[in-house]
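Have a look at protein-v8.cif; it's mmCIF, N, CA and C atoms and all ligand atoms:
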```cif
data_model
loop_
_atom_site.label_atom_id
_atom_site.label_comp_id
_atom_site.auth_asym_id
_atom_site.auth_seq_id
_atom_site.Cartn_x
_atom_site.Cartn_y
_atom_site.Cartn_z
N MET A 1 -4.40 13.77 23.59
CA MET A 1 -4.68 13.21 22.27
C MET A 1 -5.43 14.24 21.42
N GLU A 2 -5.03 14.38 20.22
CA GLU A 2 -5.69 15.31 19.32
C GLU A 2 -7.00 14.71 18.83
N ASP A 3 -8.05 15.49 18.96
CA ASP A 3 -9.36 14.99 18.60
C ASP A 3 -9.65 15.17 17.12
N LYS A 4 -9.12 14.27 16.33
CA LYS A 4 -9.35 14.36 14.89
C LYS A 4 -10.03 13.10 14.37
N GLU A 5 -10.63 12.38 15.29
CA GLU A 5 -11.38 11.20 14.90
C GLU A 5 -12.76 11.65 14.47
N PHE A 6 -13.04 11.51 13.20
CA PHE A 6 -14.35 11.95 12.74
C PHE A 6 -15.18 10.78 12.24
N ASN A 7 -16.48 10.96 12.34
CA ASN A 7 -17.41 9.93 11.92
C ASN A 7 -18.54 10.53 11.11
N LEU A 8 -19.28 9.66 10.47
CA LEU A 8 -20.43 10.09 9.68
C LEU A 8 -21.39 10.89 10.55
N HIS A 9 -21.88 11.97 10.00
CA HIS A 9 -22.86 12.87 10.63
C HIS A 9 -22.28 13.77 11.72
N ASP A 10 -20.98 13.73 11.93
CA ASP A 10 -20.36 14.72 12.83
C ASP A 10 -20.42 16.08 12.14
N VAL A 11 -20.47 17.13 12.93
CA VAL A 11 -20.39 18.47 12.37
C VAL A 11 -19.01 19.01 12.70
N VAL A 12 -18.28 19.44 11.68
CA VAL A 12 -16.90 19.86 11.87
C VAL A 12 -16.67 21.31 11.44
N GLU A 13 -15.59 21.85 11.99
CA GLU A 13 -15.17 23.19 11.58
C GLU A 13 -13.94 23.02 10.72
N MET A 14 -13.90 23.75 9.60
CA MET A 14 -12.75 23.67 8.70
C MET A 14 -11.83 24.86 8.93
N LYS A 15 -10.60 24.76 8.40
CA LYS A 15 -9.66 25.87 8.57
C LYS A 15 -10.13 27.12 7.82
N LYS A 16 -10.81 26.88 6.71
CA LYS A 16 -11.39 28.01 5.95
C LYS A 16 -12.89 27.91 6.01
N GLN A 17 -13.56 29.02 6.32
CA GLN A 17 -15.01 28.98 6.33
C GLN A 17 -15.56 29.05 4.91
N HIS A 18 -16.79 28.64 4.76
CA HIS A 18 -17.45 28.70 3.46
C HIS A 18 -17.75 30.16 3.12
N PRO A 19 -17.69 30.54 1.84
CA PRO A 19 -17.99 31.93 1.47
C PRO A 19 -19.34 32.45 2.00
N CYS A 20 -20.27 31.58 2.31
CA CYS A 20 -21.56 32.03 2.83
C CYS A 20 -21.44 32.54 4.26
N GLY A 21 -20.28 32.36 4.89
CA GLY A 21 -20.06 32.90 6.23
C GLY A 21 -20.18 31.87 7.34
N THR A 22 -20.57 30.67 6.98
CA THR A 22 -20.73 29.60 7.97
C THR A 22 -19.47 28.74 8.02
N ASN A 23 -19.11 28.30 9.21
CA ASN A 23 -18.02 27.34 9.30
C ASN A 23 -18.45 26.15 10.12
N ALA A 24 -19.43 25.47 9.61
CA ALA A 24 -19.93 24.24 10.23
C ALA A 24 -20.36 23.34 9.08
N TRP A 25 -19.75 22.18 9.03
CA TRP A 25 -20.00 21.25 7.94
C TRP A 25 -20.38 19.90 8.49
N LYS A 26 -21.41 19.31 7.95
CA LYS A 26 -21.81 17.98 8.38
C LYS A 26 -21.24 16.95 7.42
N ILE A 27 -20.67 15.90 7.99
CA ILE A 27 -20.13 14.82 7.17
C ILE A 27 -21.30 13.95 6.72
N ILE A 28 -21.54 13.93 5.41
CA ILE A 28 -22.69 13.17 4.93
C ILE A 28 -22.31 11.91 4.16
N ARG A 29 -21.02 11.77 3.87
CA ARG A 29 -20.57 10.53 3.25
C ARG A 29 -19.12 10.27 3.57
N MET A 30 -18.82 9.03 3.93
CA MET A 30 -17.44 8.65 4.24
C MET A 30 -16.99 7.59 3.27
N GLY A 31 -15.78 7.73 2.80
CA GLY A 31 -15.19 6.74 1.90
C GLY A 31 -13.78 7.18 1.62
N ALA A 32 -13.27 6.86 0.45
CA ALA A 32 -11.95 7.37 0.05
C ALA A 32 -12.04 8.89 -0.03
N ASP A 33 -13.24 9.35 -0.40
CA ASP A 33 -13.54 10.77 -0.38
C ASP A 33 -14.59 11.05 0.69
N ILE A 34 -14.49 12.22 1.26
CA ILE A 34 -15.44 12.63 2.29
C ILE A 34 -16.36 13.68 1.69
N ARG A 35 -17.64 13.50 1.87
CA ARG A 35 -18.56 14.54 1.41
C ARG A 35 -19.09 15.30 2.61
N ILE A 36 -18.93 16.62 2.57
CA ILE A 36 -19.41 17.45 3.66
C ILE A 36 -20.41 18.47 3.13
N LYS A 37 -21.35 18.81 4.01
CA LYS A 37 -22.41 19.73 3.61
C LYS A 37 -22.39 20.93 4.54
N CYS A 38 -22.40 22.12 3.93
CA CYS A 38 -22.40 23.36 4.71
C CYS A 38 -23.72 23.48 5.46
N GLU A 39 -23.63 23.73 6.76
CA GLU A 39 -24.83 23.84 7.59
C GLU A 39 -25.55 25.17 7.34
N GLY A 40 -24.85 26.12 6.73
CA GLY A 40 -25.46 27.41 6.49
C GLY A 40 -26.31 27.44 5.22
N CYS A 41 -25.74 26.98 4.11
CA CYS A 41 -26.44 27.13 2.83
C CYS A 41 -26.78 25.81 2.17
N GLY A 42 -26.30 24.71 2.74
CA GLY A 42 -26.65 23.40 2.18
C GLY A 42 -25.77 22.94 1.03
N HIS A 43 -24.78 23.75 0.68
CA HIS A 43 -23.86 23.39 -0.40
C HIS A 43 -23.00 22.21 0.06
N SER A 44 -22.78 21.24 -0.82
CA SER A 44 -21.93 20.12 -0.42
C SER A 44 -20.71 19.99 -1.32
N VAL A 45 -19.62 19.55 -0.72
CA VAL A 45 -18.38 19.35 -1.46
C VAL A 45 -17.78 18.00 -1.13
N MET A 46 -17.03 17.48 -2.09
CA MET A 46 -16.36 16.20 -1.92
C MET A 46 -14.86 16.48 -1.81
N ILE A 47 -14.22 15.93 -0.78
CA ILE A 47 -12.80 16.15 -0.57
C ILE A 47 -12.11 14.81 -0.31
N PRO A 48 -10.95 14.57 -0.93
CA PRO A 48 -10.22 13.34 -0.61
C PRO A 48 -9.94 13.28 0.89
N ARG A 49 -9.99 12.09 1.46
CA ARG A 49 -9.87 11.91 2.91
C ARG A 49 -8.61 12.56 3.50
N ASN A 50 -7.46 12.38 2.86
CA ASN A 50 -6.22 12.95 3.43
C ASN A 50 -6.24 14.48 3.43
N GLU A 51 -6.88 15.03 2.40
CA GLU A 51 -6.99 16.47 2.32
C GLU A 51 -7.96 16.97 3.39
N PHE A 52 -9.04 16.24 3.57
CA PHE A 52 -10.02 16.60 4.59
C PHE A 52 -9.36 16.65 5.97
N SER A 53 -8.55 15.64 6.28
CA SER A 53 -7.87 15.59 7.58
C SER A 53 -7.00 16.81 7.81
N LYS A 54 -6.38 17.28 6.74
CA LYS A 54 -5.51 18.45 6.85
C LYS A 54 -6.31 19.73 7.03
N LYS A 55 -7.46 19.79 6.34
CA LYS A 55 -8.24 21.02 6.34
C LYS A 55 -9.23 21.14 7.48
N MET A 56 -9.53 20.04 8.13
CA MET A 56 -10.47 20.06 9.23
C MET A 56 -9.79 20.60 10.48
N LYS A 57 -10.47 21.54 11.14
CA LYS A 57 -9.88 22.15 12.32
C LYS A 57 -10.29 21.41 13.59
N LYS A 58 -11.59 21.27 13.75
CA LYS A 58 -12.06 20.53 14.92
C LYS A 58 -13.49 20.03 14.73
N ILE A 59 -13.86 19.12 15.61
CA ILE A 59 -15.23 18.60 15.57
C ILE A 59 -16.11 19.46 16.47
N LEU A 60 -17.18 19.97 15.92
CA LEU A 60 -18.09 20.81 16.70
C LEU A 60 -19.14 19.97 17.42
N VAL A 61 -19.74 19.05 16.66
CA VAL A 61 -20.78 18.20 17.23
C VAL A 61 -20.49 16.76 16.88
N LYS A 62 -20.34 15.94 17.92
CA LYS A 62 -20.09 14.51 17.71
C LYS A 62 -21.41 13.79 17.50
N ASN A 63 -21.41 12.93 16.51
CA ASN A 63 -22.58 12.08 16.33
C ASN A 63 -22.58 11.05 17.45
N GLU A 64 -23.62 11.06 18.28
CA GLU A 64 -23.63 10.23 19.48
C GLU A 64 -23.99 8.77 19.22
N SER A 65 -24.64 8.48 18.12
CA SER A 65 -25.11 7.11 17.93
C SER A 65 -24.02 6.18 17.47
ZN ZN B 101 -22.30 27.68 2.97
#
```

Could I get this structure in the form of structure tokens?
Ligand SMILES: [Zn+2]
Amino acid sequence: MEDKEFNLHDVVEMKKQHPCGTNAWKIIRMGADIRIKCEGCGHSVMIPRNEFSKKMKKILVKNES
């Protein structure tokens, strides 16, 4: 099974890294749009859910709670 099940506060890797050089993003809001925050510089972006699914490579850290 492909591990593309993501949840709030998971840290994910995207297909493209952020220009700051970090490729770890924390999911800080879930809805029709997903808001993710770069773990390196704190920059956050909003992406439509379907686009996020396509651009997300893998989950780095699962939110355990
Ligand atoms: Zn960044």

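For stretch 16-65 of chain A, backbone-based DSSP assignment of alpha helix (DSSP H) covers Arg49, Asn50, Glu51, Phe52, Ser53, Lys54 and Lys55 of chain A.
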
Open item on the list: List as a PyMOL selection string the protein and nucleic acid residues near stretch 30-40 of chain A, meaning an atom at most 6.5 Å away when all atoms listed in the file are counted, but skip any in the same chain fewer than 6 places from it.
Closed with: chain A and resi 8+22+24+46-50

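When only C-alpha atoms and all ligand atoms are used to compute distances to ligand ZN 101 (chain B), the closest of the residues A:Met56, A:His43, A:Lys16, A:Glu5 turns out to be A:His43.
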
Task: Which of chain A fall in strand (DSSP E or B), as a PyMOL selection string - done: chain A and resi 11-14+25-29+33-38+44-48+56-61

Write the residues of the selection above to a file with N, CA and C atoms, as a short mmCIF file (atom, residue, chain, number, x, y, z; two decimals), in the coordinates of the input.
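New file again-v9.cif:
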```
data_model
loop_
_atom_site.label_atom_id
_atom_site.label_comp_id
_atom_site.auth_asym_id
_atom_site.auth_seq_id
_atom_site.Cartn_x
_atom_site.Cartn_y
_atom_site.Cartn_z
N VAL A 11 -20.47 17.13 12.93
CA VAL A 11 -20.39 18.47 12.37
C VAL A 11 -19.01 19.01 12.70
N VAL A 12 -18.28 19.44 11.68
CA VAL A 12 -16.90 19.86 11.87
C VAL A 12 -16.67 21.31 11.44
N GLU A 13 -15.59 21.85 11.99
CA GLU A 13 -15.17 23.19 11.58
C GLU A 13 -13.94 23.02 10.72
N MET A 14 -13.90 23.75 9.60
CA MET A 14 -12.75 23.67 8.70
C MET A 14 -11.83 24.86 8.93
N TRP A 25 -19.75 22.18 9.03
CA TRP A 25 -20.00 21.25 7.94
C TRP A 25 -20.38 19.90 8.49
N LYS A 26 -21.41 19.31 7.95
CA LYS A 26 -21.81 17.98 8.38
C LYS A 26 -21.24 16.95 7.42
N ILE A 27 -20.67 15.90 7.99
CA ILE A 27 -20.13 14.82 7.17
C ILE A 27 -21.30 13.95 6.72
N ILE A 28 -21.54 13.93 5.41
CA ILE A 28 -22.69 13.17 4.93
C ILE A 28 -22.31 11.91 4.16
N ARG A 29 -21.02 11.77 3.87
CA ARG A 29 -20.57 10.53 3.25
C ARG A 29 -19.12 10.27 3.57
N ASP A 33 -13.24 9.35 -0.40
CA ASP A 33 -13.54 10.77 -0.38
C ASP A 33 -14.59 11.05 0.69
N ILE A 34 -14.49 12.22 1.26
CA ILE A 34 -15.44 12.63 2.29
C ILE A 34 -16.36 13.68 1.69
N ARG A 35 -17.64 13.50 1.87
CA ARG A 35 -18.56 14.54 1.41
C ARG A 35 -19.09 15.30 2.61
N ILE A 36 -18.93 16.62 2.57
CA ILE A 36 -19.41 17.45 3.66
C ILE A 36 -20.41 18.47 3.13
N LYS A 37 -21.35 18.81 4.01
CA LYS A 37 -22.41 19.73 3.61
C LYS A 37 -22.39 20.93 4.54
N CYS A 38 -22.40 22.12 3.93
CA CYS A 38 -22.40 23.36 4.71
C CYS A 38 -23.72 23.48 5.46
N SER A 44 -22.78 21.24 -0.82
CA SER A 44 -21.93 20.12 -0.42
C SER A 44 -20.71 19.99 -1.32
N VAL A 45 -19.62 19.55 -0.72
CA VAL A 45 -18.38 19.35 -1.46
C VAL A 45 -17.78 18.00 -1.13
N MET A 46 -17.03 17.48 -2.09
CA MET A 46 -16.36 16.20 -1.92
C MET A 46 -14.86 16.48 -1.81
N ILE A 47 -14.22 15.93 -0.78
CA ILE A 47 -12.80 16.15 -0.57
C ILE A 47 -12.11 14.81 -0.31
N PRO A 48 -10.95 14.57 -0.93
CA PRO A 48 -10.22 13.34 -0.61
C PRO A 48 -9.94 13.28 0.89
N MET A 56 -9.53 20.04 8.13
CA MET A 56 -10.47 20.06 9.23
C MET A 56 -9.79 20.60 10.48
N LYS A 57 -10.47 21.54 11.14
CA LYS A 57 -9.88 22.15 12.32
C LYS A 57 -10.29 21.41 13.59
N LYS A 58 -11.59 21.27 13.75
CA LYS A 58 -12.06 20.53 14.92
C LYS A 58 -13.49 20.03 14.73
N ILE A 59 -13.86 19.12 15.61
CA ILE A 59 -15.23 18.60 15.57
C ILE A 59 -16.11 19.46 16.47
N LEU A 60 -17.18 19.97 15.92
CA LEU A 60 -18.09 20.81 16.70
C LEU A 60 -19.14 19.97 17.42
N VAL A 61 -19.74 19.05 16.66
CA VAL A 61 -20.78 18.20 17.23
C VAL A 61 -20.49 16.76 16.88
#
```

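Checking A:Phe6, A:Met14, A:Lys58, A:Gly21 one by one against ligand ZN 101 (chain B), counting only C-alpha atoms and all ligand atoms, you find the shortest gap at A:Gly21.
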
Open item on the list: If we count all atoms listed in the file and set the cut-off at 8 Å, which residues sit around A:Val11, ignoring sequence neighbours fewer than 4 positions away in its own chain? Please answer as a list in words.
Closed with: Asn7, Asn23, Ala24, Trp25, Lys26, Ile27, Lys58, Ile59, Leu60, Val61, Lys62 and Asn63 of chain A

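Minimum distance to A:Lys57 across A:Pro19, A:Lys4, A:Ser44, A:Arg29 (counting only N, CA and C atoms) occurs at A:Lys4.
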
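Nearest-residue note for ligand ZN 101 (chain B): choosing from A:Ile28, A:Lys55, A:Val45, A:His18, the minimum distance belongs to A:His18, counting only C-alpha atoms and all ligand atoms.
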
TODO: Mind giving me the straight-line distance from atom C of A:Glu64 to atom C of A:Gly42 in Å, one decimal?
DONE: 23.1 Å

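For the pair atom CA of A:Val12 and atom N of A:Ser53, the separation is 10.9 Å.
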
For the structure just given, write the atoms of stretch 38-49 of chain A, namely all heavy atoms, as an mmCIF file, in the first residue's frame.
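As written to disk, decode-v8.cif reads:
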```
data_model
loop_
_atom_site.group_PDB
_atom_site.id
_atom_site.type_symbol
_atom_site.label_atom_id
_atom_site.label_comp_id
_atom_site.auth_asym_id
_atom_site.auth_seq_id
_atom_site.Cartn_x
_atom_site.Cartn_y
_atom_site.Cartn_z
ATOM 1 N N CYS A 38 7.143 25.341 6.024
ATOM 2 C CA CYS A 38 8.510 24.870 5.847
ATOM 3 C C CYS A 38 9.195 24.778 7.204
ATOM 4 O O CYS A 38 9.171 25.733 7.977
ATOM 5 C CB CYS A 38 9.264 25.828 4.932
ATOM 6 S SG CYS A 38 10.995 25.404 4.746
ATOM 7 N N GLU A 39 9.798 23.621 7.477
ATOM 8 C CA GLU A 39 10.461 23.409 8.762
ATOM 9 C C GLU A 39 11.782 24.167 8.832
ATOM 10 O O GLU A 39 12.352 24.344 9.895
ATOM 11 C CB GLU A 39 10.711 21.913 8.975
ATOM 12 C CG GLU A 39 9.450 21.102 9.204
ATOM 13 C CD GLU A 39 8.964 21.140 10.639
ATOM 14 O OE1 GLU A 39 8.216 22.074 10.992
ATOM 15 O OE2 GLU A 39 9.346 20.237 11.409
ATOM 16 N N GLY A 40 12.286 24.587 7.678
ATOM 17 C CA GLY A 40 13.556 25.290 7.660
ATOM 18 C C GLY A 40 13.419 26.777 7.966
ATOM 19 O O GLY A 40 14.083 27.298 8.847
ATOM 20 N N CYS A 41 12.511 27.445 7.253
ATOM 21 C CA CYS A 41 12.441 28.902 7.375
ATOM 22 C C CYS A 41 11.109 29.398 7.922
ATOM 23 O O CYS A 41 10.947 30.589 8.161
ATOM 24 C CB CYS A 41 12.714 29.533 6.011
ATOM 25 S SG CYS A 41 11.450 29.183 4.790
ATOM 26 N N GLY A 42 10.151 28.498 8.093
ATOM 27 C CA GLY A 42 8.878 28.908 8.675
ATOM 28 C C GLY A 42 7.876 29.485 7.683
ATOM 29 O O GLY A 42 6.776 29.864 8.058
ATOM 30 N N HIS A 43 8.256 29.525 6.409
ATOM 31 C CA HIS A 43 7.357 30.028 5.374
ATOM 32 C C HIS A 43 6.189 29.055 5.201
ATOM 33 O O HIS A 43 6.381 27.849 5.208
ATOM 34 C CB HIS A 43 8.135 30.152 4.058
ATOM 35 C CG HIS A 43 7.326 30.636 2.912
ATOM 36 N ND1 HIS A 43 7.043 31.973 2.721
ATOM 37 C CD2 HIS A 43 6.734 29.969 1.894
ATOM 38 C CE1 HIS A 43 6.308 32.097 1.624
ATOM 39 N NE2 HIS A 43 6.108 30.899 1.100
ATOM 40 N N SER A 44 4.981 29.572 5.054
ATOM 41 C CA SER A 44 3.856 28.658 4.859
ATOM 42 C C SER A 44 3.154 28.923 3.541
ATOM 43 O O SER A 44 3.108 30.059 3.065
ATOM 44 C CB SER A 44 2.875 28.727 6.033
ATOM 45 O OG SER A 44 2.154 29.936 6.014
ATOM 46 N N VAL A 45 2.644 27.854 2.951
ATOM 47 C CA VAL A 45 1.921 27.959 1.693
ATOM 48 C C VAL A 45 0.630 27.168 1.764
ATOM 49 O O VAL A 45 0.514 26.193 2.498
ATOM 50 C CB VAL A 45 2.744 27.436 0.478
ATOM 51 C CG1 VAL A 45 3.886 28.372 0.150
ATOM 52 C CG2 VAL A 45 3.254 26.039 0.691
ATOM 53 N N MET A 46 -0.337 27.618 0.965
ATOM 54 C CA MET A 46 -1.630 26.953 0.902
ATOM 55 C C MET A 46 -1.730 26.282 -0.464
ATOM 56 O O MET A 46 -1.510 26.916 -1.498
ATOM 57 C CB MET A 46 -2.724 27.999 1.055
ATOM 58 C CG MET A 46 -4.076 27.408 1.241
ATOM 59 S SD MET A 46 -4.614 27.620 2.926
ATOM 60 C CE MET A 46 -5.724 28.990 2.753
ATOM 61 N N ILE A 47 -2.079 24.996 -0.474
ATOM 62 C CA ILE A 47 -2.181 24.248 -1.725
ATOM 63 C C ILE A 47 -3.511 23.496 -1.754
ATOM 64 O O ILE A 47 -3.886 22.890 -0.755
ATOM 65 C CB ILE A 47 -1.047 23.189 -1.824
ATOM 66 C CG1 ILE A 47 0.317 23.804 -1.492
ATOM 67 C CG2 ILE A 47 -1.029 22.553 -3.199
ATOM 68 C CD1 ILE A 47 1.439 22.786 -1.496
ATOM 69 N N PRO A 48 -4.212 23.515 -2.892
ATOM 70 C CA PRO A 48 -5.434 22.705 -2.972
ATOM 71 C C PRO A 48 -5.105 21.239 -2.693
ATOM 72 O O PRO A 48 -4.040 20.758 -3.069
ATOM 73 C CB PRO A 48 -5.891 22.887 -4.423
ATOM 74 C CG PRO A 48 -5.242 24.140 -4.889
ATOM 75 C CD PRO A 48 -3.947 24.245 -4.138
ATOM 76 N N ARG A 49 -6.006 20.545 -2.026
ATOM 77 C CA ARG A 49 -5.767 19.173 -1.583
ATOM 78 C C ARG A 49 -5.312 18.230 -2.701
ATOM 79 O O ARG A 49 -4.362 17.469 -2.534
ATOM 80 C CB ARG A 49 -7.045 18.610 -0.941
ATOM 81 C CG ARG A 49 -6.848 17.248 -0.316
ATOM 82 C CD ARG A 49 -8.158 16.712 0.225
ATOM 83 N NE ARG A 49 -8.435 17.230 1.569
ATOM 84 C CZ ARG A 49 -8.230 16.529 2.682
ATOM 85 N NH1 ARG A 49 -7.762 15.309 2.629
ATOM 86 N NH2 ARG A 49 -8.504 17.043 3.857
#
```
